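Undergrad: Next up, start04.tsv (TSV, C-alpha atoms).
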chain	number	residue	atom	x	y	z
J	303	MET	CA	107.13	114.06	134.51
J	304	PHE	CA	110.58	115.09	133.29
J	305	GLU	CA	111.69	115.39	136.90
J	306	ARG	CA	110.38	111.89	137.67
J	307	LEU	CA	112.12	110.43	134.61
J	308	PHE	CA	115.45	112.22	134.77
J	309	GLY	CA	115.66	113.30	138.42
J	310	GLN	CA	115.94	117.03	137.69
J	311	THR	CA	113.68	119.92	136.70
J	312	LEU	CA	113.70	121.57	133.30
J	313	VAL	CA	113.85	125.12	134.60
J	314	PHE	CA	117.28	126.78	134.50
J	315	THR	CA	118.90	123.86	132.66
J	316	PHE	CA	120.28	123.62	129.14
J	317	GLU	CA	117.87	120.72	128.39
J	318	GLY	CA	114.89	122.84	129.48
J	319	LEU	CA	116.10	125.74	127.38
J	320	LEU	CA	116.49	123.43	124.36
J	321	ILE	CA	112.99	121.94	124.71
J	322	ALA	CA	111.37	125.37	125.27
J	323	SER	CA	113.19	126.82	122.26
J	324	LEU	CA	112.06	123.89	120.12
J	325	ILE	CA	108.41	124.27	121.15
J	326	VAL	CA	108.43	128.04	120.60
J	327	ASN	CA	110.21	127.91	117.25
J	328	ILE	CA	108.67	124.83	115.61
J	329	PRO	CA	105.83	126.90	114.02
J	330	PHE	CA	108.44	129.05	112.26
J	331	ALA	CA	109.96	125.93	110.67
J	332	VAL	CA	106.70	124.07	109.95
J	333	GLN	CA	105.19	126.73	107.67
J	334	PRO	CA	108.02	126.99	105.10
J	335	ILE	CA	108.64	123.22	105.17
J	336	GLN	CA	104.93	122.52	104.63
J	337	ARG	CA	104.87	125.00	101.73
J	338	ALA	CA	107.96	123.35	100.24
J	339	PHE	CA	106.28	119.92	100.24
J	340	GLU	CA	103.08	121.40	98.80
J	341	ALA	CA	105.11	123.00	95.99
J	342	VAL	CA	106.27	119.55	94.80
J	343	GLY	CA	102.78	119.18	93.31
J	344	PRO	CA	100.44	116.21	92.99
J	345	GLU	CA	101.49	115.34	89.43
J	346	LEU	CA	105.03	114.33	90.39
J	347	ARG	CA	103.64	112.18	93.21
J	348	GLU	CA	101.29	110.57	90.68
J	349	ALA	CA	104.19	110.07	88.27
J	350	ALA	CA	106.16	108.42	91.08
J	351	ALA	CA	103.22	106.11	91.83
J	352	SER	CA	102.91	105.29	88.11
J	353	CYS	CA	106.61	104.42	88.09
J	354	GLY	CA	105.94	101.90	90.85
J	355	LEU	CA	107.73	103.84	93.59
J	356	SER	CA	106.69	103.07	97.16
J	357	ARG	CA	105.53	105.94	99.39
J	358	TRP	CA	108.81	105.81	101.29
J	359	ARG	CA	110.91	105.87	98.10
J	360	THR	CA	108.76	108.71	96.72
J	361	LEU	CA	109.49	110.71	99.87
J	362	TRP	CA	113.19	109.89	99.82
J	363	ARG	CA	113.96	110.14	96.09
J	364	ILE	CA	111.43	112.72	94.85
J	365	GLU	CA	109.79	114.82	97.56
J	366	LEU	CA	112.73	115.45	99.91
J	367	PRO	CA	115.22	116.51	97.20
J	368	LEU	CA	112.64	118.83	95.64
J	369	ALA	CA	111.46	120.27	98.97
J	370	TRP	CA	115.06	120.61	100.17
J	371	PRO	CA	115.46	124.37	99.45
J	372	GLY	CA	112.29	125.08	101.47
J	373	ILE	CA	113.41	122.82	104.28
J	374	LEU	CA	116.78	124.55	104.32
J	375	THR	CA	115.21	128.03	104.34
J	376	GLY	CA	112.84	127.05	107.16
J	377	THR	CA	115.68	125.60	109.20
J	378	VAL	CA	117.98	128.57	108.71
J	379	LEU	CA	115.29	131.15	109.47
J	380	THR	CA	114.35	129.23	112.59
J	381	PHE	CA	118.00	129.04	113.60
J	382	ALA	CA	118.38	132.80	113.14
J	383	HIS	CA	115.18	133.41	115.08
J	384	THR	CA	116.25	131.08	117.89
J	385	LEU	CA	119.63	132.77	118.10
J	386	GLY	CA	117.97	136.08	118.95
J	387	GLU	CA	115.25	134.59	121.19
J	388	PHE	CA	115.02	136.46	124.48
J	389	GLY	CA	111.80	136.09	126.48
J	390	VAL	CA	111.60	132.31	126.54
J	391	VAL	CA	115.32	131.95	127.21
J	392	LEU	CA	115.19	134.31	130.15
J	393	MET	CA	112.08	132.72	131.65
J	394	VAL	CA	113.07	129.07	131.24
J	395	GLY	CA	116.86	129.23	131.25
J	396	GLY	CA	117.70	132.28	133.30
J	397	SER	CA	121.25	133.45	132.70
J	398	ILE	CA	123.63	130.76	133.98
J	399	PRO	CA	127.08	131.21	132.43
J	400	GLY	CA	128.18	128.17	130.42
J	401	GLU	CA	124.74	126.61	130.81
J	402	THR	CA	121.81	128.79	129.72
J	403	ARG	CA	123.28	132.20	128.94
J	404	THR	CA	122.69	132.79	125.25
J	405	ILE	CA	124.20	135.69	123.30
J	406	ALA	CA	120.90	137.61	123.46
J	407	ILE	CA	120.83	137.31	127.26
J	408	ALA	CA	124.52	138.20	127.46
J	409	ILE	CA	123.86	141.41	125.49
J	410	TYR	CA	121.02	142.26	127.89
J	411	ASP	CA	123.30	141.62	130.91
J	412	ARG	CA	126.04	143.83	129.47
J	413	VAL	CA	123.57	146.66	128.79
J	414	GLN	CA	122.30	146.37	132.40
J	415	ALA	CA	125.90	146.65	133.58
J	416	PHE	CA	126.43	149.75	131.38
J	417	ASP	CA	129.11	147.84	129.44
J	418	GLU	CA	127.91	149.16	126.12
J	419	ALA	CA	131.13	148.36	124.25
J	420	ALA	CA	130.83	144.63	124.98
J	421	ALA	CA	127.07	144.71	124.27
J	422	GLY	CA	127.75	146.41	120.96
J	423	GLN	CA	130.42	143.89	119.99
J	424	MET	CA	128.15	140.96	120.79
J	425	ALA	CA	125.24	142.56	118.96
J	426	ALA	CA	127.49	143.00	115.92
J	427	VAL	CA	128.54	139.32	116.10
J	428	LEU	CA	124.87	138.29	116.39
J	429	LEU	CA	123.99	140.45	113.39
J	430	LEU	CA	126.87	139.07	111.32
J	431	VAL	CA	126.04	135.44	112.15
J	432	SER	CA	122.36	136.02	111.30
J	433	LEU	CA	123.19	137.77	108.03
J	434	ALA	CA	125.74	135.11	107.08
J	435	THR	CA	123.33	132.22	107.67
J	436	ILE	CA	120.53	133.93	105.75
J	437	ALA	CA	122.89	134.84	102.87
J	438	ALA	CA	124.25	131.28	102.75
J	439	SER	CA	120.77	129.76	102.66
J	440	TYR	CA	119.68	132.27	100.00
J	441	MET	CA	122.68	131.46	97.77
J	442	LEU	CA	122.25	127.73	98.26
J	443	THR	CA	118.53	127.76	97.40
J	444	GLN	CA	119.24	129.93	94.34
J	445	ARG	CA	121.87	127.42	93.22
J	446	ILE	CA	119.54	124.48	93.71
J	447	GLY	CA	116.75	126.38	91.92
J	448	ARG	CA	119.02	127.03	88.90
J	449	ARG	CA	120.04	123.37	88.77
J	450	TYR	CA	116.42	122.15	88.55
J	451	GLY	CA	115.40	124.92	86.13
C	1416	MET	CA	88.74	88.86	77.45
C	1417	ASP	CA	91.69	87.44	79.39
C	1418	LYS	CA	94.40	89.12	77.34
C	1419	GLY	CA	94.37	92.87	76.89
C	1420	LEU	CA	92.51	95.57	78.75
C	1421	THR	CA	88.81	95.73	79.61
C	1422	VAL	CA	87.34	98.87	81.10
C	1423	ARG	CA	83.85	99.51	82.42
C	1424	LEU	CA	83.28	102.62	84.50
C	1425	ARG	CA	80.08	104.07	85.80
C	1426	GLN	CA	79.32	106.98	88.11
C	1427	GLU	CA	76.99	109.96	88.31
C	1428	THR	CA	79.09	112.41	90.33
C	1429	PRO	CA	81.37	114.33	90.54
C	1430	ILE	CA	82.24	113.61	86.90
C	1431	PRO	CA	79.54	111.64	85.06
C	1432	LEU	CA	81.03	108.50	83.52
C	1433	ASP	CA	79.47	105.62	81.66
C	1434	VAL	CA	82.10	103.96	79.51
C	1435	ALA	CA	82.89	100.40	78.50
C	1436	PHE	CA	85.53	99.25	76.04
C	1437	SER	CA	88.27	96.71	75.57
C	1438	VAL	CA	91.65	96.96	73.91
C	1439	ALA	CA	93.46	93.87	72.63
C	1440	PRO	CA	97.23	93.36	73.03
C	1441	GLY	CA	99.11	95.35	70.39
C	1442	GLU	CA	96.02	97.39	69.59
C	1443	ALA	CA	95.80	101.17	70.07
C	1444	MET	CA	92.55	102.81	71.10
C	1445	ALA	CA	92.08	106.57	70.87
C	1446	LEU	CA	89.72	108.35	73.25
C	1447	VAL	CA	88.50	111.45	71.46
C	1448	GLY	CA	86.12	114.17	72.56
C	1449	PRO	CA	85.86	117.77	73.64
C	1450	SER	CA	87.35	119.03	76.91
C	1451	GLY	CA	85.40	117.73	79.90
C	1452	SER	CA	84.18	114.62	78.10
C	1453	GLY	CA	85.88	112.30	80.61
C	1454	LYS	CA	88.78	111.07	78.46
C	1455	THR	CA	91.55	111.92	80.88
C	1456	THR	CA	89.47	110.76	83.87
C	1457	THR	CA	89.05	107.38	82.16
C	1458	LEU	CA	92.79	107.21	81.51
C	1459	ARG	CA	93.57	108.15	85.11
C	1460	ALA	CA	91.13	105.51	86.35
C	1461	ILE	CA	92.99	102.86	84.31
C	1462	ALA	CA	96.30	104.07	85.76
C	1463	GLY	CA	94.90	103.88	89.30
C	1464	LEU	CA	95.08	107.64	89.87
C	1465	TYR	CA	91.32	108.09	89.91
C	1466	HIS	CA	88.84	106.03	91.89
C	1467	ALA	CA	85.53	105.74	90.01
C	1468	ALA	CA	82.37	104.97	91.97
C	1469	ASP	CA	81.57	101.75	90.13
C	1470	GLY	CA	82.80	99.53	87.34
C	1471	GLN	CA	85.60	97.13	86.62
C	1472	ILE	CA	89.07	97.37	85.10
C	1473	ALA	CA	90.98	94.22	84.24
C	1474	CYS	CA	94.23	93.74	82.38
C	1475	ASN	CA	95.62	90.42	81.16
C	1476	GLY	CA	93.23	88.55	83.43
C	1477	ALA	CA	94.13	90.51	86.57
C	1478	THR	CA	91.45	92.72	88.10
C	1479	TRP	CA	92.77	96.18	88.91
C	1480	PHE	CA	89.49	97.75	89.97
C	1481	ASP	CA	86.15	96.29	90.95
C	1482	GLY	CA	83.51	98.65	92.32
C	1483	ALA	CA	81.33	95.73	93.47
C	1484	THR	CA	83.97	94.24	95.78
C	1485	GLY	CA	85.71	97.52	96.62
C	1486	LEU	CA	88.99	96.37	95.04
C	1487	HIS	CA	91.16	99.29	93.94
C	1488	LEU	CA	94.74	98.37	93.24
C	1489	PRO	CA	96.96	101.42	93.87
C	1490	ALA	CA	98.77	102.91	90.88
C	1491	ARG	CA	102.16	101.63	92.07
C	1492	GLN	CA	100.87	98.06	91.91
C	1493	ARG	CA	99.39	98.30	88.41
C	1494	ARG	CA	101.63	97.68	85.47
C	1495	ALA	CA	100.43	100.76	83.60
C	1496	GLY	CA	102.92	103.00	81.82
C	1497	LEU	CA	101.51	106.52	81.79
C	1498	VAL	CA	102.83	109.42	79.73
C	1499	PHE	CA	101.45	112.56	81.36
C	1500	GLN	CA	100.30	115.51	79.28
C	1501	SER	CA	102.99	117.69	80.90
C	1502	TYR	CA	105.37	114.66	81.04
C	1503	ALA	CA	105.78	115.04	84.85
C	1504	LEU	CA	109.49	114.25	84.69
C	1505	PHE	CA	111.37	114.46	87.98
C	1506	PRO	CA	113.16	117.81	87.52
C	1507	HIS	CA	116.10	117.07	89.84
C	1508	LEU	CA	117.02	113.81	88.10
C	1509	THR	CA	118.78	113.26	84.79
C	1510	ALA	CA	117.00	111.62	81.86
C	1511	LEU	CA	118.76	108.37	82.74
C	1512	ALA	CA	117.81	108.58	86.43
C	1513	ASN	CA	114.20	109.39	85.49
C	1514	VAL	CA	114.00	106.15	83.54
C	1515	MET	CA	115.92	104.18	86.18
C	1516	GLU	CA	113.38	105.20	88.84
C	1517	ALA	CA	110.77	103.16	86.98
C	1518	LEU	CA	113.04	100.12	86.91
C	1519	SER	CA	112.71	99.11	90.55
C	1520	ASP	CA	111.64	95.59	89.48
C	1521	THR	CA	114.80	95.16	87.39
C	1522	PRO	CA	117.93	93.77	89.09
C	1523	ARG	CA	120.08	96.66	90.32
C	1524	GLU	CA	123.13	95.68	88.22
C	1525	THR	CA	121.21	95.78	84.93
C	1526	ARG	CA	119.12	98.91	85.60
C	1527	ARG	CA	121.57	101.35	84.05
C	1528	ALA	CA	122.05	99.32	80.88
C	1529	THR	CA	118.28	98.79	80.54
C	1530	ALA	CA	117.62	102.52	80.97
C	1531	MET	CA	120.34	103.37	78.42
C	1532	ALA	CA	118.78	100.94	75.94
C	1533	LEU	CA	115.32	102.47	76.48
C	1534	LEU	CA	116.68	105.98	75.92
C	1535	ALA	CA	118.45	104.78	72.77
C	1536	ARG	CA	115.16	103.29	71.61
C	1537	VAL	CA	113.56	106.76	71.76
C	1538	HIS	CA	116.61	108.32	70.05
C	1539	LEU	CA	118.06	110.03	73.11
C	1540	ASP	CA	121.57	108.58	73.01
C	1541	GLY	CA	124.07	111.07	74.36
C	1542	LEU	CA	121.50	113.05	76.34
C	1543	GLU	CA	121.28	110.63	79.28
C	1544	ASP	CA	122.96	112.98	81.75
C	1545	ARG	CA	120.80	116.00	81.03
C	1546	ARG	CA	118.12	117.13	83.44
C	1547	PRO	CA	114.60	117.86	82.08
C	1548	ALA	CA	115.25	121.63	82.11
C	1549	GLN	CA	118.18	121.05	79.74
C	1550	LEU	CA	116.02	119.12	77.25
C	1551	SER	CA	113.63	120.43	74.59
C	1552	GLY	CA	109.91	119.66	74.78
C	1553	GLY	CA	110.25	116.85	72.26
C	1554	GLU	CA	113.19	115.32	74.14
C	1555	GLN	CA	111.26	115.51	77.40
C	1556	GLN	CA	108.37	113.69	75.75
C	1557	ARG	CA	110.75	110.93	74.64
C	1558	VAL	CA	112.09	110.56	78.18
C	1559	ALA	CA	108.49	110.31	79.42
C	1560	VAL	CA	107.79	107.54	76.87
C	1561	ALA	CA	110.99	105.69	77.83
C	1562	ARG	CA	110.07	105.99	81.52
C	1563	ALA	CA	106.55	104.69	80.85
C	1564	LEU	CA	107.97	101.69	78.96
C	1565	ALA	CA	110.57	101.00	81.66
C	1566	ARG	CA	108.08	99.18	83.89
C	1567	ARG	CA	107.39	96.70	81.08
C	1568	PRO	CA	103.77	97.80	81.37
C	1569	ASP	CA	100.75	95.64	80.62
C	1570	VAL	CA	99.11	98.73	79.14
C	1571	LEU	CA	100.56	101.98	77.78
C	1572	LEU	CA	98.55	105.14	78.46
C	1573	LEU	CA	99.24	108.36	76.56
C	1574	ASP	CA	97.53	111.54	77.74
C	1575	GLU	CA	97.68	114.11	74.93
C	1576	PRO	CA	101.31	113.18	74.34
C	1577	PHE	CA	102.00	115.85	71.71
C	1578	SER	CA	100.06	118.80	73.12
C	1579	ALA	CA	103.11	120.57	74.58
C	1580	VAL	CA	105.24	120.67	71.41
C	1581	ASP	CA	105.20	122.68	68.17
C	1582	ARG	CA	103.75	121.27	64.94
C	1583	VAL	CA	107.08	120.22	63.41
C	1584	THR	CA	108.18	118.37	66.55
C	1585	ARG	CA	104.70	116.93	66.83
C	1586	ARG	CA	104.96	115.36	63.37
C	1587	LYS	CA	108.41	113.97	64.13
C	1588	LEU	CA	107.39	112.54	67.49
C	1589	ARG	CA	104.25	111.04	66.01
C	1590	ARG	CA	106.33	109.31	63.32
C	1591	GLU	CA	108.65	107.93	65.99
C	1592	LEU	CA	105.76	106.73	68.12
C	1593	VAL	CA	104.19	105.00	65.10
C	1594	GLU	CA	107.49	103.11	64.59
C	1595	LEU	CA	107.81	102.34	68.29
C	1596	ARG	CA	104.22	101.10	68.48
C	1597	ARG	CA	104.85	98.38	65.91
C	1598	ASP	CA	107.03	96.54	68.44
C	1599	LEU	CA	104.83	97.14	71.47
C	1600	PRO	CA	102.94	94.02	72.51
C	1601	MET	CA	100.63	95.71	75.02
C	1602	PRO	CA	97.33	97.55	74.55
C	1603	VAL	CA	97.74	101.30	74.07
C	1604	VAL	CA	95.16	103.89	75.13
C	1605	LEU	CA	95.66	107.36	73.70
C	1606	VAL	CA	93.81	110.51	74.70
C	1607	THR	CA	93.94	113.21	72.08
C	1608	HIS	CA	92.17	116.16	70.51
C	1609	ASP	CA	93.99	115.75	67.22
C	1610	LEU	CA	92.46	113.59	64.51
C	1611	ASP	CA	95.86	113.30	62.81
C	1612	ASP	CA	97.12	111.54	65.96
C	1613	VAL	CA	94.12	109.22	65.75
C	1614	THR	CA	94.50	108.29	62.09
C	1615	ARG	CA	98.25	107.68	62.35
C	1616	LEU	CA	98.50	106.06	65.76
C	1617	ALA	CA	95.23	104.35	66.60
C	1618	ASP	CA	93.47	101.25	65.31
C	1619	ARG	CA	90.20	102.05	67.02
C	1620	ILE	CA	88.48	105.16	68.23
C	1621	CYS	CA	86.01	105.96	71.03
C	1622	VAL	CA	84.17	109.23	70.62
C	1623	MET	CA	83.27	110.52	74.09
C	1624	HIS	CA	80.99	113.30	75.21
C	1625	ARG	CA	79.86	114.17	78.75
C	1626	GLY	CA	81.32	110.96	80.13
C	1627	ARG	CA	79.61	108.66	77.64
C	1628	ILE	CA	80.86	106.82	74.59
C	1629	LEU	CA	78.81	107.99	71.63
C	1630	GLN	CA	80.46	105.72	69.07
C	1631	SER	CA	83.37	103.33	68.92
C	1632	GLY	CA	84.86	101.27	66.15
C	1633	SER	CA	87.73	101.16	63.72
C	1634	VAL	CA	89.13	104.58	62.92
C	1635	SER	CA	88.24	104.37	59.24
C	1636	ASP	CA	84.66	103.26	59.97
C	1637	VAL	CA	83.92	105.98	62.49
C	1638	MET	CA	85.54	108.67	60.35
C	1639	ALA	CA	83.67	107.53	57.24
C	1640	ARG	CA	80.34	106.83	58.91
C	1641	PRO	CA	79.76	108.81	62.09
C	1642	ALA	CA	76.63	107.44	63.75
C	1643	SER	CA	75.04	110.86	64.24
C	1644	ALA	CA	75.37	114.49	63.30
C	1645	GLU	CA	76.54	115.17	66.88
C	1646	ILE	CA	79.47	112.77	66.44
C	1647	ALA	CA	80.39	114.27	63.08
C	1648	GLU	CA	80.30	117.68	64.71
C	1649	LEU	CA	82.37	116.50	67.69
C	1650	LEU	CA	85.02	115.06	65.41
C	1651	ASP	CA	85.15	118.31	63.50
C	1652	LEU	CA	85.34	120.19	66.79
C	1653	ALA	CA	88.11	117.90	67.93
C	1654	ALA	CA	90.01	118.61	64.71
C	1655	ASP	CA	89.54	122.37	65.22
C	1656	ASP	CA	90.77	122.16	68.82
C	1657	ALA	CA	94.13	120.65	67.83
Could you write out this file's structure as structure tokens?
TA:
Amino acid sequence: MFERLFGQTLVFTFEGLLIASLIVNIPFAVQPIQRAFEAVGPELREAAASCGLSRWRTLWRIELPLAWPGILTGTVLTFAHTLGEFGVVLMVGGSIPGETRTIAIAIYDRVQAFDEAAAGQMAAVLLLVSLATIAASYMLTQRIGRRYG
Amino acid sequence: MDKGLTVRLRQETPIPLDVAFSVAPGEAMALVGPSGSGKTTTLRAIAGLYHAADGQIACNGATWFDGATGLHLPARQRRAGLVFQSYALFPHLTALANVMEALSDTPRETRRATAMALLARVHLDGLEDRRPAQLSGGEQQRVAVARALARRPDVLLLDEPFSAVDRVTRRKLRRELVELRRDLPMPVVLVTHDLDDVTRLADRICVMHRGRILQSGSVSDVMARPASAEIAELLDLAADDA
């Protein structure tokens, strides 16, 4: 269907890689985001209704700001997970430089070519980026948590 | 009764309910009874947060709930100001913003001034920019009252409004609410375990047990002449629970 609509296949394209990564990683984002919305609690939704807030305004003004730390955590963890994704990327995207070669695939290619120094450097970058994103999300959620008491 | 609140609720399950009462404008009715007697369920049904199987709720001539026709006006469309037992303040918003959220019917340019005036009315001047976590229990209760009044409600509902504060704060808040009540034109329904709340705040009392009203009348009448030994015992129990 994609081919009929856009005149190209999804395999070995950046678009295909993006869609496949989304499908594979959505469950990792859904769980924490769902838990974050559940944590808002029914009483605040009832209070919002008693205040005359519409469903849309309740979502926008009450639920989203309160669920925000959970949404952020879910997004960051999914980002970190996607960054290191290997199997799906290799199957759907292959390893086309500038198109579908992700850092995880590049590390694999370097190891195959016995270029362990480059593989090690890229692995270190991947580790640092992952740690930095997780640390940033942790600090941000802590800060938001302190603000709301 | 066109003016004021009339409530008639009936259901067998999941919570048995068989209650009927009316509250005139400016009058305060206390629902008293042991835990599980259906007081809070009745209050929630008036607010539109609980859908009873059958009955009718009308306020100032407008029907909010009618089991016979299936009418059930959602909470957001009922002009009912509800003070939750745990206050249910929005934790990420300041006291001022909490009150302003309930002012969606007020023109945008006057919302802030109206909310400030409401907070001043409950003696919270100067604390407008604090979030609930930065307020004491008593201050949170005052914000909850101001927020409930912000909608210019047709009925004010108080669910155990003093249960989360210490005795000293409780006395102070009760005194303030007594003063505030004098100027309130709408019917007030108060759920409480504490007979001191009843005698100081309410004009009439409904003694409830297992979803039924055992006796209702003026506070002094019911206190002086309970209709049965069970009611006398329930009132004593209620006093002990506080």
Undergrad: Just want the 9 Å neighbourhood of J:Ile321, counted on all atoms listed in the file, with same-chain residues fewer than 5 positions away dropped. Output as number ranges by chain.
TA: J: 312, 316, 326
Undergrad: Keeping only C-alpha atoms, take the residues you just selected and write them out as a compact mmCIF listing (two decimals), keeping the file's coordinate frame.
TA:
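As a result, again.txt now contains:
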# COMPACT_ATOMS: atom_id res chain seq x y z
CA LEU J 312 113.70 121.57 133.30
CA PHE J 316 120.28 123.62 129.14
CA VAL J 326 108.43 128.04 120.60
Undergrad: Quick one: distance from atom CA of C:Leu1518 to atom CA of J:Ala351 in Å, one decimal?
TA: 12.5 Å
Undergrad: Would you list which chain C residues are within 8 Å of chain J using only C-alpha atoms, as a PDB file with C-alpha atoms, in the coordinates of the input?
TA:
ATOM      1  CA  ALA C1462      96.300 104.070  85.760  1.00  0.00           C
ATOM      2  CA  LEU C1464      95.080 107.640  89.870  1.00  0.00           C
ATOM      3  CA  ALA C1490      98.770 102.910  90.880  1.00  0.00           C
ATOM      4  CA  ARG C1491     102.160 101.630  92.070  1.00  0.00           C
ATOM      5  CA  GLN C1492     100.870  98.060  91.910  1.00  0.00           C
ATOM      6  CA  ARG C1493      99.390  98.300  88.410  1.00  0.00           C
ATOM      7  CA  ALA C1495     100.430 100.760  83.600  1.00  0.00           C
ATOM      8  CA  GLY C1496     102.920 103.000  81.820  1.00  0.00           C
ATOM      9  CA  LEU C1497     101.510 106.520  81.790  1.00  0.00           C
ATOM     10  CA  PHE C1499     101.450 112.560  81.360  1.00  0.00           C
ATOM     11  CA  ALA C1503     105.780 115.040  84.850  1.00  0.00           C
ATOM     12  CA  LEU C1504     109.490 114.250  84.690  1.00  0.00           C
ATOM     13  CA  PHE C1505     111.370 114.460  87.980  1.00  0.00           C
ATOM     14  CA  PRO C1506     113.160 117.810  87.520  1.00  0.00           C
ATOM     15  CA  HIS C1507     116.100 117.070  89.840  1.00  0.00           C
ATOM     16  CA  GLU C1516     113.380 105.200  88.840  1.00  0.00           C
ATOM     17  CA  ALA C1517     110.770 103.160  86.980  1.00  0.00           C
ATOM     18  CA  LEU C1518     113.040 100.120  86.910  1.00  0.00           C
ATOM     19  CA  SER C1519     112.710  99.110  90.550  1.00  0.00           C
ATOM     20  CA  ARG C1546     118.120 117.130  83.440  1.00  0.00           C
ATOM     21  CA  PRO C1547     114.600 117.860  82.080  1.00  0.00           C
ATOM     22  CA  ALA C1548     115.250 121.630  82.110  1.00  0.00           C
ATOM     23  CA  GLN C1549     118.180 121.050  79.740  1.00  0.00           C
ATOM     24  CA  ARG C1562     110.070 105.990  81.520  1.00  0.00           C
ATOM     25  CA  ALA C1563     106.550 104.690  80.850  1.00  0.00           C
ATOM     26  CA  ARG C1566     108.080  99.180  83.890  1.00  0.00           C
TER      27      ARG C1566
END
Undergrad: Which value, in Å to one decimal, gives the distance between atom CA of C:Asp1469 and atom CA of C:Leu1573?
TA: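 A separation of 23.2 Å between them.
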Undergrad: Closest to C:Gly1552 among C:Thr1456, C:Asn1513, C:Ser1578, C:Asn1475, using only C-alpha atoms?
TA: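 Between C:Thr1456, C:Asn1513, C:Ser1578, C:Asn1475, the residue approaching C:Gly1552 most closely is C:Ser1578.
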Undergrad: Which of these, J:Tyr410, J:Phe339, J:Phe381, J:Trp362, has the shortest distance to J:Gly396 once you count all atoms listed in the file?
TA: J:Tyr410
